[in-house]
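**Student:** Structure file model-v6.pdb, PDB, C-alpha atoms, is pasted below:
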```
ATOM      1  CA  MET A   5      17.919  15.181   2.235
ATOM      2  CA  GLN A   6      14.505  15.324   3.878
ATOM      3  CA  ILE A   7      12.104  17.789   2.315
ATOM      4  CA  GLN A   8      11.405  20.565   4.784
ATOM      5  CA  THR A   9       7.684  21.153   4.691
ATOM      6  CA  SER A  10       5.832  24.245   5.765
ATOM      7  CA  ASN A  11       2.409  25.715   5.226
ATOM      8  CA  LYS A  12       3.360  26.333   1.608
ATOM      9  CA  TYR A  13       1.138  24.845  -1.061
ATOM     10  CA  TYR A  14       3.006  22.727  -3.638
ATOM     11  CA  THR A  15       1.815  21.745  -7.076
ATOM     12  CA  PRO A  16       2.106  18.071  -8.031
ATOM     13  CA  GLU A  17       4.933  19.030 -10.392
ATOM     14  CA  GLU A  18       6.860  20.820  -7.609
ATOM     15  CA  TYR A  19       6.412  17.808  -5.343
ATOM     16  CA  LEU A  20       7.715  15.416  -8.002
ATOM     17  CA  GLU A  21      10.749  17.607  -8.600
ATOM     18  CA  LEU A  22      11.516  17.807  -4.862
ATOM     19  CA  GLU A  23      10.846  14.102  -4.348
ATOM     20  CA  GLU A  24      13.315  13.177  -7.080
ATOM     21  CA  LYS A  25      16.090  14.905  -5.099
ATOM     22  CA  SER A  26      14.984  13.823  -1.637
ATOM     23  CA  GLU A  27      16.849  11.122   0.303
ATOM     24  CA  PHE A  28      13.634  10.209   2.130
ATOM     25  CA  LYS A  29      10.155   9.438   0.869
ATOM     26  CA  ASN A  30       7.383  11.979   1.212
ATOM     27  CA  GLU A  31       3.692  11.759   0.513
ATOM     28  CA  TYR A  32       1.821  14.459  -1.373
ATOM     29  CA  ARG A  33      -1.730  15.239  -0.253
ATOM     30  CA  ASN A  34      -3.543  17.922  -2.201
ATOM     31  CA  GLY A  35      -0.750  20.490  -2.060
ATOM     32  CA  VAL A  36       0.882  19.435   1.215
ATOM     33  CA  ILE A  37       4.103  17.407   1.442
ATOM     34  CA  LEU A  38       4.296  15.030   4.411
ATOM     35  CA  PRO A  39       7.393  12.993   5.361
ATOM     36  CA  LEU A  40       6.826   9.251   5.649
ATOM     37  CA  THR A  41       7.828   7.439   8.803
ATOM     38  CA  GLU A  42      10.643   4.911   8.916
ATOM     39  CA  ASN A  43       9.778   1.217   8.879
ATOM     40  CA  THR A  44      10.580  -1.403  11.507
ATOM     41  CA  THR A  45      12.275  -4.728  10.869
ATOM     42  CA  ASN A  46       8.905  -6.482  11.396
ATOM     43  CA  HIS A  47       7.382  -4.229   8.746
ATOM     44  CA  ASN A  48      10.126  -5.152   6.273
ATOM     45  CA  GLU A  49       9.871  -8.876   7.076
ATOM     46  CA  ILE A  50       6.128  -8.873   6.356
ATOM     47  CA  VAL A  51       6.453  -6.910   3.102
ATOM     48  CA  GLY A  52       9.300  -9.158   1.950
ATOM     49  CA  ASN A  53       7.477 -12.346   2.935
ATOM     50  CA  PHE A  54       4.296 -11.363   1.120
ATOM     51  CA  CYS A  55       6.094 -10.269  -2.044
ATOM     52  CA  THR A  56       8.394 -13.295  -2.159
ATOM     53  CA  ASN A  57       5.506 -15.730  -1.766
ATOM     54  CA  PHE A  58       3.371 -13.877  -4.302
ATOM     55  CA  LYS A  59       6.161 -13.770  -6.909
ATOM     56  CA  SER A  60       6.912 -17.453  -6.420
ATOM     57  CA  ILE A  61       3.334 -18.706  -6.595
ATOM     58  CA  MET A  62       2.136 -16.312  -9.308
ATOM     59  CA  ARG A  63       5.145 -16.742 -11.612
ATOM     60  CA  GLY A  64       4.072 -16.770 -15.240
ATOM     61  CA  LYS A  65       0.659 -15.250 -14.517
ATOM     62  CA  ASN A  66      -0.424 -11.798 -15.646
ATOM     63  CA  TYR A  67       0.295  -9.896 -12.409
ATOM     64  CA  LYS A  68       2.983  -7.450 -11.375
ATOM     65  CA  ILE A  69       3.816  -6.759  -7.736
ATOM     66  CA  TYR A  70       5.514  -3.578  -6.541
ATOM     67  CA  MET A  71       6.684  -2.714  -3.081
ATOM     68  CA  ILE A  72       7.412   0.482  -1.203
ATOM     69  CA  ASN A  73       9.340   2.456  -3.874
ATOM     70  CA  VAL A  74       6.681   2.892  -6.570
ATOM     71  CA  LYS A  75       4.383   5.899  -6.193
ATOM     72  CA  LEU A  76       0.628   5.650  -6.577
ATOM     73  CA  TRP A  77      -1.224   8.648  -8.026
ATOM     74  CA  ILE A  78      -4.807   9.085  -6.794
ATOM     75  CA  PRO A  79      -6.286  11.741  -9.095
ATOM     76  CA  ARG A  80      -9.601  12.302  -7.304
ATOM     77  CA  TYR A  81      -7.819  13.433  -4.138
ATOM     78  CA  GLN A  82      -4.608  14.792  -5.705
ATOM     79  CA  ILE A  83      -2.421  12.364  -3.743
ATOM     80  CA  TYR A  84       0.919  10.708  -4.388
ATOM     81  CA  THR A  85       1.649   7.965  -1.904
ATOM     82  CA  TYR A  86       3.841   4.883  -1.528
ATOM     83  CA  PRO A  87       1.740   1.809  -0.674
ATOM     84  CA  ASN A  88       3.703  -0.974   0.959
ATOM     85  CA  ILE A  89       2.589  -3.432  -1.736
ATOM     86  CA  MET A  90       0.607  -2.997  -4.945
ATOM     87  CA  VAL A  91      -0.485  -5.712  -7.340
ATOM     88  CA  ILE A  92      -1.419  -4.769 -10.887
ATOM     89  CA  GLN A  93      -3.127  -7.101 -13.317
ATOM     90  CA  GLY A  94      -1.600  -6.829 -16.763
ATOM     91  CA  GLU A  95       0.519  -3.798 -17.453
ATOM     92  CA  PRO A  96       0.817  -0.744 -15.227
ATOM     93  CA  THR A  97      -0.840   2.483 -16.287
ATOM     94  CA  TYR A  98       1.616   5.287 -15.639
ATOM     95  CA  GLN A  99       0.906   8.856 -14.665
ATOM     96  CA  GLY A 100       3.292  11.231 -16.357
ATOM     97  CA  THR A 101       6.157  10.297 -18.638
ATOM     98  CA  GLY A 102       8.209   8.064 -16.347
ATOM     99  CA  THR A 103       7.744   4.605 -14.894
ATOM    100  CA  THR A 104       7.646   5.491 -11.193
ATOM    101  CA  GLN A 105       4.007   6.572 -10.774
ATOM    102  CA  VAL A 106       1.205   4.086 -11.355
ATOM    103  CA  THR A 107      -2.570   4.536 -11.265
ATOM    104  CA  ASN A 108      -4.139   1.087 -11.618
ATOM    105  CA  PRO A 109      -3.562  -1.310  -8.699
ATOM    106  CA  LEU A 110      -5.930  -4.245  -8.401
ATOM    107  CA  MET A 111      -4.861  -4.823  -4.796
ATOM    108  CA  ILE A 112      -3.033  -2.810  -2.138
ATOM    109  CA  VAL A 113      -1.448  -4.125   1.057
ATOM    110  CA  GLU A 114      -0.427  -1.898   3.951
ATOM    111  CA  VAL A 115       1.503  -3.113   6.983
ATOM    112  CA  LEU A 116       0.141  -1.187   9.945
ATOM    113  CA  SER A 117       2.482   0.924  12.050
ATOM    114  CA  LYS A 118       1.645   2.648  15.331
ATOM    115  CA  SER A 119       2.094   6.049  13.696
ATOM    116  CA  THR A 120      -0.051   5.265  10.615
ATOM    117  CA  ILE A 121      -2.705   2.798  11.795
ATOM    118  CA  ASN A 122      -5.534   5.342  12.062
ATOM    119  CA  TYR A 123      -4.718   6.939   8.706
ATOM    120  CA  ASP A 124      -4.380   3.542   6.974
ATOM    121  CA  LYS A 125      -7.788   2.431   8.310
ATOM    122  CA  THR A 126      -9.717   5.621   7.533
ATOM    123  CA  ASP A 127      -8.670   8.338   5.094
ATOM    124  CA  LYS A 128      -6.136   6.238   3.221
ATOM    125  CA  PHE A 129      -8.722   3.521   2.610
ATOM    126  CA  ARG A 130     -11.172   6.170   1.368
ATOM    127  CA  PHE A 131      -8.500   7.558  -0.968
ATOM    128  CA  TYR A 132      -7.546   4.106  -2.265
ATOM    129  CA  SER A 133     -11.163   3.039  -2.774
ATOM    130  CA  SER A 134     -11.651   5.904  -5.254
ATOM    131  CA  LEU A 135      -9.458   4.010  -7.738
ATOM    132  CA  PRO A 136     -11.758   2.161 -10.160
ATOM    133  CA  GLU A 137      -9.386  -0.795 -10.663
ATOM    134  CA  LEU A 138      -8.919  -1.448  -6.932
ATOM    135  CA  LYS A 139     -10.748  -4.589  -5.810
ATOM    136  CA  GLU A 140      -8.945  -5.442  -2.581
ATOM    137  CA  TYR A 141      -7.308  -3.624   0.343
ATOM    138  CA  ILE A 142      -5.424  -5.620   2.966
ATOM    139  CA  MET A 143      -4.049  -4.322   6.259
ATOM    140  CA  ILE A 144      -1.535  -6.521   8.074
ATOM    141  CA  ASN A 145      -0.818  -5.823  11.734
ATOM    142  CA  GLN A 146       2.887  -6.094  12.526
ATOM    143  CA  TYR A 147       2.374  -6.369  16.309
ATOM    144  CA  GLU A 148       0.072  -9.413  16.432
ATOM    145  CA  TYR A 149      -1.493 -12.029  14.188
ATOM    146  CA  PHE A 150      -4.246  -9.911  12.697
ATOM    147  CA  VAL A 151      -5.165  -9.142   9.091
ATOM    148  CA  GLU A 152      -8.112  -7.119   7.811
ATOM    149  CA  GLN A 153      -9.179  -7.745   4.229
ATOM    150  CA  PHE A 154     -11.584  -5.458   2.388
ATOM    151  CA  ALA A 155     -12.805  -6.879  -0.921
ATOM    152  CA  LYS A 156     -15.175  -5.191  -3.348
ATOM    153  CA  ASN A 157     -18.127  -7.436  -4.191
ATOM    154  CA  ALA A 158     -20.174  -7.555  -7.416
ATOM    155  CA  GLU A 159     -22.427  -4.747  -6.124
ATOM    156  CA  GLY A 160     -19.432  -2.475  -5.525
ATOM    157  CA  GLN A 161     -19.624  -2.741  -1.730
ATOM    158  CA  TRP A 162     -16.539  -3.313   0.407
ATOM    159  CA  VAL A 163     -16.805  -6.488   2.481
ATOM    160  CA  LEU A 164     -14.559  -6.991   5.523
ATOM    161  CA  THR A 165     -13.008 -10.323   6.505
ATOM    162  CA  GLU A 166     -10.794 -10.535   9.593
ATOM    163  CA  TYR A 167      -8.116 -13.139  10.279
ATOM    164  CA  GLU A 168      -6.496 -13.449  13.708
ATOM    165  CA  SER A 169      -4.956 -16.848  14.242
ATOM    166  CA  VAL A 170      -1.456 -18.097  13.526
ATOM    167  CA  ASN A 171      -3.182 -20.982  11.716
ATOM    168  CA  ASP A 172      -5.225 -18.754   9.378
ATOM    169  CA  ILE A 173      -4.733 -18.573   5.639
ATOM    170  CA  LEU A 174      -5.308 -15.278   3.844
ATOM    171  CA  SER A 175      -7.292 -16.001   0.671
ATOM    172  CA  LEU A 176      -7.434 -13.155  -1.793
ATOM    173  CA  LYS A 177     -10.793 -12.474  -3.403
ATOM    174  CA  SER A 178      -9.547 -10.628  -6.494
ATOM    175  CA  ILE A 179      -6.702 -13.025  -7.342
ATOM    176  CA  ASP A 180      -6.397 -16.804  -7.037
ATOM    177  CA  PHE A 181      -3.761 -16.619  -4.289
ATOM    178  CA  GLN A 182      -3.553 -17.866  -0.715
ATOM    179  CA  ILE A 183      -0.851 -17.306   1.875
ATOM    180  CA  PRO A 184      -0.679 -18.897   5.329
ATOM    181  CA  PHE A 185      -0.029 -16.661   8.318
ATOM    182  CA  SER A 186       3.084 -18.733   8.998
ATOM    183  CA  ASP A 187       4.479 -17.394   5.704
ATOM    184  CA  ILE A 188       3.269 -13.802   6.196
ATOM    185  CA  TYR A 189       4.752 -13.586   9.692
ATOM    186  CA  GLU A 190       7.901 -15.683   9.165
ATOM    187  CA  GLY A 191      10.828 -14.021  10.977
ATOM    188  CA  VAL A 192       8.590 -11.498  12.788
ATOM    189  CA  ASN A 193       9.295 -10.906  16.462
ATOM    190  CA  PHE A 194       6.277  -9.607  18.409
ATOM    191  CA  GLN A 195       8.332  -8.686  21.491
TER     192      GLN A 195
END
```
Once you've parsed the file, please lay out its structure as C-alpha coordinates.

**Tutor:**
Amino acid sequence: MQIQTSNKYYTPEEYLELEEKSEFKNEYRNGVILPLTENTTNHNEIVGNFCTNFKSIMRGKNYKIYMINVKLWIPRYQIYTYPNIMVIQGEPTYQGTGTTQVTNPLMIVEVLSKSTINYDKTDKFRFYSSLPELKEYIMINQYEYFVEQFAKNAEGQWVLTEYESVNDILSLKSIDFQIPFSDIYEGVNFQ
(Lines of atoms letter the chains of each structure in order from A and count residues from 1; the text may use other names and numbers.)
(Lines give C-alpha, C1' and ligand atoms only; values in the text may rest on other atoms or scores of the structure.)
Protein backbone atom coordinates (compact mmCIF):
# COMPACT_ATOMS: atom_id res chain seq x y z
CA MET A 1 0.00 0.00 0.00
CA GLN A 2 1.33 3.43 -0.94
CA ILE A 3 0.33 6.20 1.42
CA GLN A 4 -1.97 8.60 -0.40
CA THR A 5 -0.79 12.07 0.48
CA SER A 6 -2.76 15.26 0.28
CA ASN A 7 -2.48 18.75 1.67
CA LYS A 8 -3.24 17.33 5.10
CA TYR A 9 -0.75 17.99 7.86
CA TYR A 10 0.44 14.83 9.67
CA THR A 11 2.07 14.63 13.07
CA PRO A 12 5.25 12.57 13.35
CA GLU A 13 3.26 9.96 15.27
CA GLU A 14 0.62 9.71 12.50
CA TYR A 15 3.37 9.35 9.90
CA LEU A 16 5.06 6.55 11.85
CA GLU A 17 1.77 4.71 12.22
CA LEU A 18 1.01 5.02 8.49
CA GLU A 19 4.58 4.13 7.52
CA GLU A 20 4.44 0.93 9.56
CA LYS A 21 1.52 -0.27 7.40
CA SER A 22 2.78 1.05 4.08
CA GLU A 23 4.21 -1.27 1.42
CA PHE A 24 6.37 1.57 0.09
CA LYS A 25 8.72 3.97 1.84
CA ASN A 26 7.70 7.56 2.43
CA GLU A 27 9.62 10.51 3.75
CA TYR A 28 8.19 12.85 6.37
CA ARG A 29 9.04 16.54 6.06
CA ASN A 30 7.60 18.81 8.72
CA GLY A 31 4.04 17.52 8.48
CA VAL A 32 4.04 16.42 4.83
CA ILE A 33 4.36 12.80 3.69
CA LEU A 34 6.20 12.32 0.39
CA PRO A 35 6.55 8.97 -1.43
CA LEU A 36 10.11 7.92 -2.21
CA THR A 37 11.07 7.02 -5.74
CA GLU A 38 12.03 3.51 -6.78
CA ASN A 39 15.71 2.67 -7.18
CA THR A 40 17.51 1.47 -10.30
CA THR A 41 19.73 -1.59 -10.53
CA ASN A 42 22.79 0.72 -10.70
CA HIS A 43 21.64 2.38 -7.49
CA ASN A 44 21.36 -1.00 -5.75
CA GLU A 45 24.74 -2.18 -7.08
CA ILE A 46 26.48 0.91 -5.69
CA VAL A 47 24.79 0.69 -2.28
CA GLY A 48 25.56 -3.03 -2.05
CA ASN A 49 29.16 -2.58 -3.18
CA PHE A 50 29.85 0.19 -0.68
CA CYS A 51 28.25 -1.66 2.24
CA THR A 52 29.90 -5.00 1.43
CA ASN A 53 33.35 -3.43 1.19
CA PHE A 54 32.83 -1.38 4.35
CA LYS A 55 31.63 -4.39 6.37
CA SER A 56 34.53 -6.51 5.17
CA ILE A 57 37.28 -3.97 5.80
CA MET A 58 35.86 -2.55 9.04
CA ARG A 59 35.01 -5.90 10.64
CA GLY A 60 35.75 -5.84 14.35
CA LYS A 61 35.91 -2.04 14.53
CA ASN A 62 33.40 0.12 16.38
CA TYR A 63 31.19 1.08 13.42
CA LYS A 64 27.73 0.04 12.31
CA ILE A 65 26.52 0.47 8.74
CA TYR A 66 22.84 0.65 7.78
CA MET A 67 21.33 0.82 4.35
CA ILE A 68 18.05 2.01 2.91
CA ASN A 69 15.58 0.55 5.46
CA VAL A 70 16.57 2.41 8.64
CA LYS A 71 14.92 5.79 9.18
CA LEU A 72 16.87 8.86 10.21
CA TRP A 73 15.14 11.42 12.44
CA ILE A 74 16.31 15.02 11.98
CA PRO A 75 14.76 16.90 14.91
CA ARG A 76 15.67 20.46 13.88
CA TYR A 77 13.66 20.15 10.67
CA GLN A 78 11.08 17.56 11.81
CA ILE A 79 12.12 15.08 9.11
CA TYR A 80 12.11 11.31 8.85
CA THR A 81 14.07 10.08 5.86
CA TYR A 82 15.78 6.94 4.60
CA PRO A 83 19.42 7.65 3.66
CA ASN A 84 20.90 5.13 1.27
CA ILE A 85 23.75 4.40 3.69
CA MET A 86 24.46 5.55 7.24
CA VAL A 87 27.52 4.76 9.32
CA ILE A 88 27.32 5.14 13.09
CA GLN A 89 30.32 5.04 15.38
CA GLY A 90 29.59 3.01 18.48
CA GLU A 91 25.98 2.31 19.25
CA PRO A 92 22.99 3.89 17.53
CA THR A 93 20.94 6.47 19.38
CA TYR A 94 17.30 5.69 18.75
CA GLN A 95 14.39 8.07 18.52
CA GLY A 96 11.30 6.61 20.10
CA THR A 97 10.96 3.17 21.63
CA GLY A 98 11.87 0.97 18.66
CA THR A 99 15.07 0.24 16.78
CA THR A 100 14.10 1.58 13.36
CA GLN A 101 14.77 5.32 13.80
CA VAL A 102 18.29 6.55 14.48
CA THR A 103 19.60 10.05 15.17
CA ASN A 104 23.40 9.85 15.24
CA PRO A 105 25.09 9.01 11.92
CA LEU A 106 28.76 9.88 11.60
CA MET A 107 28.57 9.56 7.81
CA ILE A 108 25.79 9.47 5.22
CA VAL A 109 26.04 8.28 1.62
CA GLU A 110 23.42 9.04 -1.02
CA VAL A 111 23.44 7.56 -4.51
CA LEU A 112 22.17 10.28 -6.82
CA SER A 113 19.10 9.65 -8.95
CA LYS A 114 17.75 11.90 -11.70
CA SER A 115 14.62 12.58 -9.65
CA THR A 116 16.48 13.38 -6.39
CA ILE A 117 19.81 14.91 -7.44
CA ASN A 118 18.82 18.53 -6.77
CA TYR A 119 17.23 17.71 -3.41
CA ASP A 120 20.20 15.54 -2.34
CA LYS A 121 22.66 18.35 -3.18
CA THR A 122 20.75 21.22 -1.55
CA ASP A 123 18.01 20.89 1.05
CA LYS A 124 18.84 17.34 2.06
CA PHE A 125 22.46 18.28 2.69
CA ARG A 126 21.30 21.25 4.78
CA PHE A 127 18.99 18.97 6.77
CA TYR A 128 21.70 16.34 7.30
CA SER A 129 24.33 18.91 8.29
CA SER A 130 22.16 19.98 11.24
CA LEU A 131 22.99 16.66 12.94
CA PRO A 132 25.83 17.30 15.42
CA GLU A 133 27.41 13.84 14.99
CA LEU A 134 27.55 14.04 11.18
CA LYS A 135 31.10 14.55 9.92
CA GLU A 136 30.84 13.38 6.32
CA TYR A 137 28.30 13.43 3.48
CA ILE A 138 29.06 11.56 0.26
CA MET A 139 27.08 11.70 -2.97
CA ILE A 140 27.78 9.00 -5.55
CA ASN A 141 26.61 9.55 -9.12
CA GLN A 142 25.12 6.39 -10.62
CA TYR A 143 25.36 7.62 -14.24
CA GLU A 144 29.11 8.35 -14.42
CA TYR A 145 32.28 8.05 -12.38
CA PHE A 146 31.74 11.00 -10.08
CA VAL A 147 31.70 11.28 -6.29
CA GLU A 148 31.32 14.41 -4.18
CA GLN A 149 32.58 14.22 -0.61
CA PHE A 150 31.76 16.86 1.99
CA ALA A 151 33.77 16.52 5.20
CA LYS A 152 33.50 18.73 8.26
CA ASN A 153 36.89 20.14 9.26
CA ALA A 154 38.12 21.10 12.75
CA GLU A 155 36.58 24.58 12.37
CA GLY A 156 33.16 23.09 11.60
CA GLN A 157 33.25 24.05 7.91
CA TRP A 158 32.23 21.62 5.18
CA VAL A 159 35.04 20.98 2.70
CA LEU A 160 34.28 19.53 -0.74
CA THR A 161 36.47 16.98 -2.52
CA GLU A 162 35.47 15.70 -5.96
CA TYR A 163 36.52 12.41 -7.54
CA GLU A 164 35.85 11.68 -11.21
CA SER A 165 38.14 9.01 -12.56
CA VAL A 166 37.70 5.25 -12.72
CA ASN A 167 41.15 5.08 -11.11
CA ASP A 168 40.25 7.26 -8.11
CA ILE A 169 40.09 6.02 -4.54
CA LEU A 170 37.53 7.51 -2.17
CA SER A 171 39.27 8.17 1.16
CA LEU A 172 36.96 8.94 4.03
CA LYS A 173 37.98 11.77 6.33
CA SER A 174 35.96 10.74 9.39
CA ILE A 175 36.85 7.03 9.30
CA ASP A 176 40.04 5.22 8.34
CA PHE A 177 38.51 3.65 5.21
CA GLN A 178 39.31 3.79 1.51
CA ILE A 179 37.43 2.29 -1.41
CA PRO A 180 38.55 2.28 -5.05
CA PHE A 181 36.09 3.39 -7.70
CA SER A 182 36.47 -0.05 -9.27
CA ASP A 183 34.84 -1.48 -6.12
CA ILE A 184 32.17 1.24 -5.80
CA TYR A 185 31.09 0.87 -9.43
CA GLU A 186 31.56 -2.90 -9.84
CA GLY A 187 28.64 -4.30 -11.87
CA VAL A 188 27.30 -0.83 -12.80
CA ASN A 189 26.24 -0.32 -16.40
CA PHE A 190 26.34 3.33 -17.52
CA GLN A 191 24.40 2.67 -20.74

**Student:** Give one line per residue of stretch 103-171 of chain A that approaches stretch 54-71 of chain A to at most 12 Å, naming the two atoms of the closest pair and their distance in Å to one decimal, counting only C-alpha atoms; sort by chain then ascending residue number and deliver it as CSV.

**Tutor:**
```
residue,atom,partner,partner_atom,distance
A:Thr103,CA,A:Tyr70,CA,11.9
A:Thr104,CA,A:Tyr70,CA,10.4
A:Gln105,CA,A:Tyr70,CA,11.1
A:Val106,CA,A:Tyr70,CA,10.0
A:Asn108,CA,A:Lys68,CA,11.1
A:Pro109,CA,A:Ile69,CA,9.2
A:Leu110,CA,A:Tyr67,CA,9.3
A:Met111,CA,A:Ile69,CA,9.4
A:Ile112,CA,A:Tyr70,CA,9.6
A:Val113,CA,A:Met71,CA,9.2
A:Glu114,CA,A:Met71,CA,10.0
A:Val115,CA,A:Phe54,CA,10.5
A:Ile142,CA,A:Phe54,CA,11.4
A:Ile144,CA,A:Phe54,CA,10.3
```

**Student:** How many Å lie between atom CA of A:Lys12 and atom CA of A:Val36, rounded to one decimal?

**Tutor:**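 Between atom CA of A:Lys12 and atom CA of A:Val36 the gap works out to 7.3 Å.
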
**Student:** Excluding A:Ser169 and any residue of its chain fewer than 2 positions from it, enumerate the residues within 6 Å of it, using all atoms listed in the file, and give them as a list in words.

**Tutor:** Tyr149, Asn171 and Asp172 of chain A

**Student:** Identify all residues satisfying the PyMOL selection byres ((chain A and resi 152-167) around 10) in the given file; provide them as a PyMOL selection string.

**Tutor:** chain A and resi 111+113+125+129+133+138-145+149-151+168-178+185

**Student:** Between atom CA of A:Phe131 and atom CA of A:Glu42, what is the spacing in Å?

**Tutor:**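 Answer for the atom CA of A:Glu42 to atom CA of A:Phe131 separation: 21.7 Å.
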
**Student:** As a ChimeraX atom specification, please: the residues near stretch 72-75 of chain A (cut-off 10 Å, all atoms listed in the file, same-chain neighbours under 2 positions excluded).

**Tutor:** /A:29,31,48,51,70,77-78,83-90,98-99,103-107,114

**Student:** Between A:Asp187, A:Glu49, A:Asp127, A:Glu137, which residue has the minimum interatomic distance to A:Ile92, considering all atoms listed in the file?

**Tutor:**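 Checking each candidate against A:Ile92, we get A:Glu137 as the closest.
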
**Student:** Do you have the atom CA of A:Tyr123-atom CA of A:Gln195 distance handy?

**Tutor:**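 Distance reported for this atom pair: 24.0 Å.
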
**Student:** From the list A:His47, A:Gly94, A:Asp180, A:Ile121, which residue is nearest A:Asn193 when using all atoms listed in the file?

**Tutor:**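 Distance minimum relative to A:Asn193 lands on A:His47.
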
**Student:** Just checking: using all atoms listed in the file, which residue out of A:Leu38, A:Ile50, A:Leu135, A:Leu20 ends up closest to A:Ile188?

**Tutor:**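 So, comparing all the options, the nearest one is A:Ile50.
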
**Student:** Assuming 3 Å of padding per side, give the centre and edge lengths of the axis-aligned box around every listed atom of stretch 182-195 of chain A, in Å to one decimal and as JSON.

**Tutor:**
```
{"center_x": 3.6, "center_y": -13.8, "center_z": 10.4, "size_x": 20.4, "size_y": 16.2, "size_z": 28.2}
```

**Student:** Using all atoms listed in the file, which of A:Leu40, A:Tyr14, A:Tyr132, A:Gln146 sits nearest A:Ser26?

**Tutor:**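 Nearest candidate to A:Ser26 out of A:Leu40, A:Tyr14, A:Tyr132, A:Gln146: A:Leu40.
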
**Student:** Kindly provide, as number ranges by chain, the polymer residues lying within 12 Å of (4.1, 23.6, 1.5), counting all atoms listed in the file and using the coordinates exactly as they appear in the file.

**Tutor:** A: 7-16, 18-19, 22, 31-39

**Student:** Is it possible to add N, CA and C atoms to stretch 173-188 of chain A and hand it back as a PDB file, in the frame of the given file?

**Tutor:**
```
ATOM      1  N   ILE A 173      -5.255 -18.717   6.990  1.00  0.00           N
ATOM      2  CA  ILE A 173      -4.733 -18.573   5.639  1.00  0.00           C
ATOM      3  C   ILE A 173      -5.468 -17.410   4.989  1.00  0.00           C
ATOM      4  N   LEU A 174      -4.719 -16.411   4.545  1.00  0.00           N
ATOM      5  CA  LEU A 174      -5.308 -15.278   3.844  1.00  0.00           C
ATOM      6  C   LEU A 174      -5.589 -15.701   2.411  1.00  0.00           C
ATOM      7  N   SER A 175      -6.870 -15.654   2.033  1.00  0.00           N
ATOM      8  CA  SER A 175      -7.292 -16.001   0.671  1.00  0.00           C
ATOM      9  C   SER A 175      -7.753 -14.734  -0.022  1.00  0.00           C
ATOM     10  N   LEU A 176      -7.041 -14.351  -1.068  1.00  0.00           N
ATOM     11  CA  LEU A 176      -7.434 -13.155  -1.793  1.00  0.00           C
ATOM     12  C   LEU A 176      -8.725 -13.414  -2.552  1.00  0.00           C
ATOM     13  N   LYS A 177      -9.519 -12.377  -2.684  1.00  0.00           N
ATOM     14  CA  LYS A 177     -10.793 -12.474  -3.403  1.00  0.00           C
ATOM     15  C   LYS A 177     -10.629 -12.070  -4.866  1.00  0.00           C
ATOM     16  N   SER A 178      -9.700 -11.155  -5.143  1.00  0.00           N
ATOM     17  CA  SER A 178      -9.547 -10.628  -6.494  1.00  0.00           C
ATOM     18  C   SER A 178      -8.546 -11.422  -7.332  1.00  0.00           C
ATOM     19  N   ILE A 179      -7.761 -12.259  -6.681  1.00  0.00           N
ATOM     20  CA  ILE A 179      -6.702 -13.025  -7.342  1.00  0.00           C
ATOM     21  C   ILE A 179      -6.712 -14.427  -6.744  1.00  0.00           C
ATOM     22  N   ASP A 180      -6.460 -15.433  -7.537  1.00  0.00           N
ATOM     23  CA  ASP A 180      -6.397 -16.804  -7.037  1.00  0.00           C
ATOM     24  C   ASP A 180      -5.056 -17.005  -6.326  1.00  0.00           C
ATOM     25  N   PHE A 181      -5.004 -16.563  -5.062  1.00  0.00           N
ATOM     26  CA  PHE A 181      -3.761 -16.619  -4.289  1.00  0.00           C
ATOM     27  C   PHE A 181      -4.104 -16.771  -2.816  1.00  0.00           C
ATOM     28  N   GLN A 182      -3.406 -17.665  -2.159  1.00  0.00           N
ATOM     29  CA  GLN A 182      -3.553 -17.866  -0.715  1.00  0.00           C
ATOM     30  C   GLN A 182      -2.172 -17.850  -0.088  1.00  0.00           C
ATOM     31  N   ILE A 183      -2.118 -17.317   1.150  1.00  0.00           N
ATOM     32  CA  ILE A 183      -0.851 -17.306   1.875  1.00  0.00           C
ATOM     33  C   ILE A 183      -1.124 -17.569   3.348  1.00  0.00           C
ATOM     34  N   PRO A 184      -0.497 -18.602   3.906  1.00  0.00           N
ATOM     35  CA  PRO A 184      -0.679 -18.897   5.329  1.00  0.00           C
ATOM     36  C   PRO A 184      -0.033 -17.816   6.204  1.00  0.00           C
ATOM     37  N   PHE A 185      -0.603 -17.621   7.374  1.00  0.00           N
ATOM     38  CA  PHE A 185      -0.029 -16.661   8.318  1.00  0.00           C
ATOM     39  C   PHE A 185       1.407 -17.021   8.660  1.00  0.00           C
ATOM     40  N   SER A 186       1.709 -18.320   8.685  1.00  0.00           N
ATOM     41  CA  SER A 186       3.084 -18.733   8.998  1.00  0.00           C
ATOM     42  C   SER A 186       4.059 -18.176   7.972  1.00  0.00           C
ATOM     43  N   ASP A 187       3.623 -17.988   6.729  1.00  0.00           N
ATOM     44  CA  ASP A 187       4.479 -17.394   5.704  1.00  0.00           C
ATOM     45  C   ASP A 187       4.495 -15.873   5.796  1.00  0.00           C
ATOM     46  N   ILE A 188       3.335 -15.263   6.057  1.00  0.00           N
ATOM     47  CA  ILE A 188       3.269 -13.802   6.196  1.00  0.00           C
ATOM     48  C   ILE A 188       4.174 -13.338   7.335  1.00  0.00           C
TER      49      ILE A 188
END
```
